[in-house]
Amino acid sequence: MRIKIYVLLLLLSLGLVAAQTPGTTHYLYGYVSGPTADGSIVSVYIDGKGTLTDVVGPSGNFGTSGWWKIDVNEFDPDPQMDEIVAVSVDDGNGCTDSTSHTLGESGSEQVSDMDLDCDTAGPIVPEFSLIGLGAALAGIGYVISRKRKKQ
């Protein structure tokens, strides 16, 4: 009879320990498009809790080209439902994108897609500014007026 009671107590205590072990995950995942997506760094930030990161593509947590995955339960303390997270991606060459996401209850949530389709040649910008243009026009005007005086 005593052995049965000890075994029962032992099983109950093991059950309570197992029930208290957190072990839950809450994944955010998403897709990043663009020629420089794979190898880029995705950062998930929660105010007051810090930042978690992952690598986009095969070398990251998701393991598939263009995709990333982060367990937000790695934040301390765990995030709460309706908490807003900021998500950004950076390819390391000046091409970035960002979005925000409101956490739900589910164990896995997809964040809005992000795009790293940046123009690698950069925007076409004239070599002069408006001030430079004004100075150039003023200089031309000065030269023209000097020529008129000489005639």
# chains A, B, ... in the order shown; residues from 1 in each chain; ligands from 1
$ residues_around --residues "stretch 47-61 of chain A" --least-positions-apart "6" --cutoff "9 Å" --atoms "only C-alpha atoms" --output "PyMOL selection string"
chain A and resi 31-32+37-41+67-72+74-79+84-86+89
$ write_last_selection --atoms "N, CA and C atoms" --output "mmCIF file, in the first residue's frame"
data_model
loop_
_atom_site.group_PDB
_atom_site.id
_atom_site.type_symbol
_atom_site.label_atom_id
_atom_site.label_comp_id
_atom_site.auth_asym_id
_atom_site.auth_seq_id
_atom_site.Cartn_x
_atom_site.Cartn_y
_atom_site.Cartn_z
ATOM 1 N N TYR A 31 8.407 36.598 -45.814
ATOM 2 C CA TYR A 31 9.098 36.458 -47.082
ATOM 3 C C TYR A 31 9.718 37.791 -47.478
ATOM 4 N N VAL A 32 10.947 37.728 -47.968
ATOM 5 C CA VAL A 32 11.642 38.911 -48.468
ATOM 6 C C VAL A 32 11.979 38.657 -49.927
ATOM 7 N N ALA A 37 17.989 39.377 -51.326
ATOM 8 C CA ALA A 37 17.250 38.924 -50.138
ATOM 9 C C ALA A 37 18.018 37.878 -49.337
ATOM 10 N N ASP A 38 18.445 36.778 -49.975
ATOM 11 C CA ASP A 38 19.151 35.723 -49.245
ATOM 12 C C ASP A 38 20.449 36.265 -48.658
ATOM 13 N N GLY A 39 20.648 36.000 -47.379
ATOM 14 C CA GLY A 39 21.830 36.485 -46.679
ATOM 15 C C GLY A 39 21.595 37.797 -45.957
ATOM 16 N N SER A 40 20.470 38.446 -46.213
ATOM 17 C CA SER A 40 20.133 39.694 -45.520
ATOM 18 C C SER A 40 19.761 39.387 -44.071
ATOM 19 N N ILE A 41 19.799 40.404 -43.236
ATOM 20 C CA ILE A 41 19.493 40.244 -41.817
ATOM 21 C C ILE A 41 18.116 40.838 -41.515
ATOM 22 N N TRP A 67 12.929 33.272 -47.188
ATOM 23 C CA TRP A 67 12.124 33.196 -45.971
ATOM 24 C C TRP A 67 12.980 33.346 -44.722
ATOM 25 N N TRP A 68 12.371 33.855 -43.638
ATOM 26 C CA TRP A 68 13.008 33.979 -42.331
ATOM 27 C C TRP A 68 12.006 33.563 -41.253
ATOM 28 N N LYS A 69 12.515 33.261 -40.042
ATOM 29 C CA LYS A 69 11.643 32.838 -38.932
ATOM 30 C C LYS A 69 12.331 33.170 -37.609
ATOM 31 N N ILE A 70 11.571 33.790 -36.694
ATOM 32 C CA ILE A 70 12.101 34.156 -35.374
ATOM 33 C C ILE A 70 11.087 33.770 -34.307
ATOM 34 N N ASP A 71 11.562 33.134 -33.235
ATOM 35 C CA ASP A 71 10.711 32.788 -32.093
ATOM 36 C C ASP A 71 10.690 33.981 -31.136
ATOM 37 N N VAL A 72 9.579 34.720 -31.118
ATOM 38 C CA VAL A 72 9.496 35.916 -30.275
ATOM 39 C C VAL A 72 9.389 35.581 -28.789
ATOM 40 N N GLU A 74 11.579 34.200 -27.302
ATOM 41 C CA GLU A 74 12.949 34.335 -26.800
ATOM 42 C C GLU A 74 13.164 35.707 -26.155
ATOM 43 N N PHE A 75 12.211 36.638 -26.357
ATOM 44 C CA PHE A 75 12.289 37.917 -25.655
ATOM 45 C C PHE A 75 12.061 37.679 -24.175
ATOM 46 N N ASP A 76 12.664 38.513 -23.339
ATOM 47 C CA ASP A 76 12.476 38.401 -21.905
ATOM 48 C C ASP A 76 11.961 39.721 -21.376
ATOM 49 N N PRO A 77 10.765 39.785 -20.844
ATOM 50 C CA PRO A 77 9.779 38.716 -20.705
ATOM 51 C C PRO A 77 9.092 38.421 -22.037
ATOM 52 N N ASP A 78 8.377 37.298 -22.069
ATOM 53 C CA ASP A 78 7.656 36.916 -23.283
ATOM 54 C C ASP A 78 6.723 38.035 -23.719
ATOM 55 N N PRO A 79 6.589 38.231 -25.029
ATOM 56 C CA PRO A 79 5.661 39.259 -25.516
ATOM 57 C C PRO A 79 4.211 38.865 -25.262
ATOM 58 N N ILE A 84 2.984 45.354 -30.297
ATOM 59 C CA ILE A 84 3.439 45.714 -31.642
ATOM 60 C C ILE A 84 4.932 45.474 -31.757
ATOM 61 N N VAL A 85 5.314 44.791 -32.838
ATOM 62 C CA VAL A 85 6.728 44.547 -33.109
ATOM 63 C C VAL A 85 7.109 45.270 -34.396
ATOM 64 N N ALA A 86 8.338 45.773 -34.423
ATOM 65 C CA ALA A 86 8.882 46.394 -35.624
ATOM 66 C C ALA A 86 9.787 45.369 -36.303
ATOM 67 N N VAL A 89 14.494 44.620 -42.513
ATOM 68 C CA VAL A 89 15.453 43.775 -43.221
ATOM 69 C C VAL A 89 16.494 44.687 -43.862
#
$ select_by_dssp --residues "stretch 12-90 of chain A" --states "strand (DSSP E)" --output "PyMOL selection string"
chain A and resi 27-33+41-46+50-55+67-71+84-90
$ write_last_selection --atoms "C-alpha atoms" --output "mmCIF file, in the first residue's frame"
data_model
loop_
_atom_site.group_PDB
_atom_site.id
_atom_site.type_symbol
_atom_site.label_atom_id
_atom_site.label_comp_id
_atom_site.auth_asym_id
_atom_site.auth_seq_id
_atom_site.Cartn_x
_atom_site.Cartn_y
_atom_site.Cartn_z
ATOM 1 C CA TYR A 27 7.085 32.197 -34.405
ATOM 2 C CA LEU A 28 6.970 35.213 -36.649
ATOM 3 C CA TYR A 29 7.981 34.429 -40.204
ATOM 4 C CA GLY A 30 7.950 36.215 -43.505
ATOM 5 C CA TYR A 31 9.098 36.458 -47.082
ATOM 6 C CA VAL A 32 11.642 38.911 -48.468
ATOM 7 C CA SER A 33 11.812 39.408 -52.238
ATOM 8 C CA ILE A 41 19.493 40.244 -41.817
ATOM 9 C CA VAL A 42 15.947 40.494 -40.454
ATOM 10 C CA SER A 43 15.538 42.227 -37.089
ATOM 11 C CA VAL A 44 12.449 41.992 -34.874
ATOM 12 C CA TYR A 45 12.288 44.729 -32.227
ATOM 13 C CA ILE A 46 9.926 45.107 -29.281
ATOM 14 C CA GLY A 50 15.325 44.339 -27.373
ATOM 15 C CA THR A 51 15.983 42.846 -30.793
ATOM 16 C CA LEU A 52 16.100 39.323 -32.214
ATOM 17 C CA THR A 53 17.645 38.587 -35.625
ATOM 18 C CA ASP A 54 17.673 35.921 -38.315
ATOM 19 C CA VAL A 55 19.294 35.455 -41.706
ATOM 20 C CA TRP A 67 12.124 33.196 -45.971
ATOM 21 C CA TRP A 68 13.008 33.979 -42.331
ATOM 22 C CA LYS A 69 11.643 32.838 -38.932
ATOM 23 C CA ILE A 70 12.101 34.156 -35.374
ATOM 24 C CA ASP A 71 10.711 32.788 -32.093
ATOM 25 C CA ILE A 84 3.439 45.714 -31.642
ATOM 26 C CA VAL A 85 6.728 44.547 -33.109
ATOM 27 C CA ALA A 86 8.882 46.394 -35.624
ATOM 28 C CA VAL A 87 10.371 44.194 -38.352
ATOM 29 C CA SER A 88 13.164 45.360 -40.646
ATOM 30 C CA VAL A 89 15.453 43.775 -43.221
ATOM 31 C CA ASP A 90 18.869 45.028 -44.347
#
$ closest_residue --among "A:Thr64, A:Val111, A:Thr24, A:Leu116" --to "A:Thr99" --atoms "only C-alpha atoms"
A:Val111
$ atom_distance --atom1 "atom CA of A:Asp82" --atom2 "atom CA of A:Gly66"
26.6 Å
